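Inspection log for the structure reproduced underneath, given as structure tokens.
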Amino acid sequence: MRINDNIKTITMKIKLITLSVSCLLLSSCGIYTTYERPSDINTDGLYGQDLNEEAVAVDTASIASLSWRELFTDSHLQTLIEHALQSNTDLLSAQQRIKEAEATLSSAKLAYLPSFMLTPQGGVSSFDKSKGSWTYTGIASASWEIDIFGKLTNAKRRSKALYLQSLEYEQAVSTSLIANVANLYYTLLMLDEQYRISEETAVNWRESVRTMRAMMAAGMTNEASVSQSEANCRQVEASLLDLKQQIKEVENSLSILLGEVPGGIERGHLAGQDFPEELTVGVPLQLLSRRPDVKSAELSLASAFYSTNAARSAFYPSITLSGTAGWTNSAGNMIINPGKLLLSAVGALTQPLFNKGLNIAQLKIAKAQQEEAKLAFQQALLNAGSEVNNALTQVQTARGKTELRTGQITSLENAVRSTQLLMQHGTSTYLEVLTAQQSLLSAQLTQVADRFDEIQGIINLYQALGGGRD
């Protein structure tokens, strides 16, 4: 009977606590709100004002909506990207971070549930060599914090934001990995093409050296011209060695991304690589939904928002219900029979009194961190818009050079043939031939670099728009 009376008394106290809490709820605005994007975050003109109208689409169409397999159609490159996505150590590390954040979120969800603890005890006691008596107690206790003022809710929401942020971090690593593999692959194709052009030039210049020696033997030129032609030929041969070294270094860098030891990379050719002619970037608002670093910055802002809510919750009391239940054969005069059931329930309300100054300081810190996160989000948007502008400009500039470079090479090829004929007839010097040959080689190598620059711009644009999502 006494236990029942105690339980009734405790129940009345809990009702009084609940009534007090209801009054406090009227003044606890701001601790239950969910995150919404700040209204002053503006994406108008994010890509700049000088891009052509075809690129900045009025709808949501964007090159980023293509899967990486649709954009990169080279079968060798597709194999390399797939291998990198499976074996790259940075990406595997990012996946482990997701598991950590997922466990933290699960822990925050479990905080809503009561905690249970079992504490059985037993012992034997004897007085003045009398027969020992066995006593036992089996107690199960439970404690449950009622989340009236949003402390647990804000912690869970913050953990969820951090979990989503870890997913975006993995996506950022994945997108960067795809872009880096593609960039290195096309760098190899560019170097291969430059090596091919330089090798063909070296063959032609070796033949030119033999021609110059024959002309010197016939008295049609002098030793200085022959020496100059030999030096010119060796310069090209030396450049072949430089290109070989660069090719090997790029292969090694690509092997690192693949998680492999240095080795050769199977690949295709620069000629015939196909990419979309029209590159649309969609509306700037798409960056908020596709680009992982921008989404991560916003999730960081959401996390700071819930941290501020949690700091506000610290001003309000915490309410905890706890109780015990057990079985014992030793409870003093309360229990006469060998075994009796024990029950107790307690409700506790803890109101902060002397740490108000600390709570105020913690709230100011949380608000400042939230403002910092907002500024970081704004800066991430500005950076993204600038990268989109730069990449699209890079593609447009490289494509604009294509026709000009083709005409330049045609003119230089005619100049080489003409100066060679003039020199054979004695109306021109080898210096003019040499100048024409060097200019032609330089233009041919630059044309290859322009093509690579265009491809690199497409890759950069794809990455800047948040492409590469599955």
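Residue names in the structure tokens use chain letters A, B, ... in the order shown, residue numbers from 1 in each chain, and ligand numbers from 1 in the order shown.
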
Legend entry - Within 12 Å of stretch 402-406 of chain A using only C-alpha atoms, minus same-chain residues under 5 positions, as a list of chain:residue names: A:Val395, A:Gln396, A:Thr397, A:Ser411, A:Leu412, A:Glu413, A:Leu440, A:Ser442, A:Ala443, A:Gln444, A:Leu445, A:Thr446, A:Gln447, A:Val448, A:Ala449, A:Asp450, A:Arg451, A:Phe452, A:Asp453, A:Glu454

How about saving the chosen residues, C-alpha atoms kept, as a PDB file, in the first residue's frame?
```pdb
ATOM      1  CA  VAL A 395      35.673  26.159 -74.397  1.00  0.00           C
ATOM      2  CA  GLN A 396      34.386  29.030 -76.504  1.00  0.00           C
ATOM      3  CA  THR A 397      37.864  30.548 -76.862  1.00  0.00           C
ATOM      4  CA  SER A 411      49.830  28.910 -94.884  1.00  0.00           C
ATOM      5  CA  LEU A 412      52.944  27.706 -93.041  1.00  0.00           C
ATOM      6  CA  GLU A 413      52.995  24.420 -94.994  1.00  0.00           C
ATOM      7  CA  LEU A 440      54.988  25.146 -88.779  1.00  0.00           C
ATOM      8  CA  SER A 442      55.009  25.278 -83.341  1.00  0.00           C
ATOM      9  CA  ALA A 443      51.608  25.857 -84.975  1.00  0.00           C
ATOM     10  CA  GLN A 444      50.942  22.121 -85.262  1.00  0.00           C
ATOM     11  CA  LEU A 445      51.782  21.534 -81.592  1.00  0.00           C
ATOM     12  CA  THR A 446      49.681  24.528 -80.587  1.00  0.00           C
ATOM     13  CA  GLN A 447      46.731  23.211 -82.582  1.00  0.00           C
ATOM     14  CA  VAL A 448      46.876  19.997 -80.563  1.00  0.00           C
ATOM     15  CA  ALA A 449      47.089  22.042 -77.345  1.00  0.00           C
ATOM     16  CA  ASP A 450      44.048  24.067 -78.447  1.00  0.00           C
ATOM     17  CA  ARG A 451      42.056  20.879 -78.940  1.00  0.00           C
ATOM     18  CA  PHE A 452      43.088  19.680 -75.494  1.00  0.00           C
ATOM     19  CA  ASP A 453      42.207  23.086 -74.054  1.00  0.00           C
ATOM     20  CA  GLU A 454      38.713  22.740 -75.503  1.00  0.00           C
TER      21      GLU A 454
END
```

Inset, instruction - One decimal, Å: what's the distance from atom CA of A:Met215 over to atom CA of A:Gln420, could you say? - result: 12.3 Å

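The neighbours of A:Thr33 here are the residues that come within 12 Å of it, using only C-alpha atoms and leaving out any residue fewer than 5 positions away in the same chain; they are A:Ser28, A:Phe149, A:Gly150, A:Thr153, A:Asn154, A:Arg157, A:Ala302, A:Phe305, A:Tyr306, A:Ser307, A:Thr308, A:Asn309, A:Ala310, A:Arg312, A:Ser313.
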
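Among A:His83, A:Arg469, A:Lys151, A:Arg399, the residue with the shortest atom-to-atom distance to A:Glu278, counting only C-alpha atoms, is A:Arg399.
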
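With only C-alpha atoms taken into account, the protein and nucleic acid residues at most 8 Å from stretch 383-391 of chain A (excluding it and anything under 6 positions from it in its own chain) are Leu46, Tyr47, Gly48, Leu51, Val281, Pro284, Leu287, Val294, Gly457, Ile458, Asn460, Leu461, Ala464 and Leu465 of chain A.
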
For the residues in that selection, give me N, CA and C atoms as an mmCIF file, in the first residue's frame.
```cif
data_model
loop_
_atom_site.group_PDB
_atom_site.id
_atom_site.type_symbol
_atom_site.label_atom_id
_atom_site.label_comp_id
_atom_site.auth_asym_id
_atom_site.auth_seq_id
_atom_site.Cartn_x
_atom_site.Cartn_y
_atom_site.Cartn_z
ATOM 1 N N LEU A 46 24.611 34.751 -61.609
ATOM 2 C CA LEU A 46 25.715 34.019 -60.990
ATOM 3 C C LEU A 46 26.778 33.612 -62.007
ATOM 4 N N TYR A 47 26.357 33.339 -63.247
ATOM 5 C CA TYR A 47 27.305 32.918 -64.277
ATOM 6 C C TYR A 47 27.998 34.082 -64.968
ATOM 7 N N GLY A 48 27.610 35.300 -64.628
ATOM 8 C CA GLY A 48 28.161 36.459 -65.320
ATOM 9 C C GLY A 48 27.202 36.940 -66.391
ATOM 10 N N LEU A 51 28.104 35.836 -71.126
ATOM 11 C CA LEU A 51 28.024 34.568 -71.828
ATOM 12 C C LEU A 51 26.929 34.625 -72.879
ATOM 13 N N VAL A 281 24.372 25.401 -69.734
ATOM 14 C CA VAL A 281 24.717 25.355 -68.304
ATOM 15 C C VAL A 281 23.490 25.403 -67.411
ATOM 16 N N PRO A 284 21.165 29.097 -62.868
ATOM 17 C CA PRO A 284 22.080 29.087 -61.721
ATOM 18 C C PRO A 284 21.557 28.333 -60.515
ATOM 19 N N LEU A 287 22.833 24.835 -59.426
ATOM 20 C CA LEU A 287 24.032 24.608 -58.623
ATOM 21 C C LEU A 287 23.681 24.216 -57.194
ATOM 22 N N VAL A 294 28.620 23.093 -53.010
ATOM 23 C CA VAL A 294 27.605 24.090 -52.679
ATOM 24 C C VAL A 294 26.560 23.488 -51.740
ATOM 25 N N GLY A 457 38.237 22.325 -71.039
ATOM 26 C CA GLY A 457 37.182 23.262 -70.689
ATOM 27 C C GLY A 457 35.841 22.559 -70.519
ATOM 28 N N ILE A 458 35.553 21.582 -71.381
ATOM 29 C CA ILE A 458 34.312 20.809 -71.262
ATOM 30 C C ILE A 458 34.298 20.019 -69.955
ATOM 31 N N ASN A 460 36.010 20.731 -67.233
ATOM 32 C CA ASN A 460 35.889 21.697 -66.130
ATOM 33 C C ASN A 460 34.458 22.214 -65.991
ATOM 34 N N LEU A 461 33.796 22.437 -67.133
ATOM 35 C CA LEU A 461 32.408 22.898 -67.094
ATOM 36 C C LEU A 461 31.510 21.827 -66.493
ATOM 37 N N ALA A 464 32.187 21.875 -62.846
ATOM 38 C CA ALA A 464 31.709 23.108 -62.212
ATOM 39 C C ALA A 464 30.199 23.130 -62.051
ATOM 40 N N LEU A 465 29.476 22.430 -62.932
ATOM 41 C CA LEU A 465 28.020 22.386 -62.855
ATOM 42 C C LEU A 465 27.514 21.258 -61.969
#
```

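Counting from atom CA of A:Arg291, the distance to atom CA of A:Gln171 is 8.8 Å.
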
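Atom pair atom CA of A:Tyr35 / atom CA of A:Leu363: separated by 17.0 Å.
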
Legend entry - Spatial neighbours of A:Ala84, 9 Å, only C-alpha atoms, chain gap at least 6 places, as an NGL selection string: :A and (91 or 177-178 or 181 or 257-259)
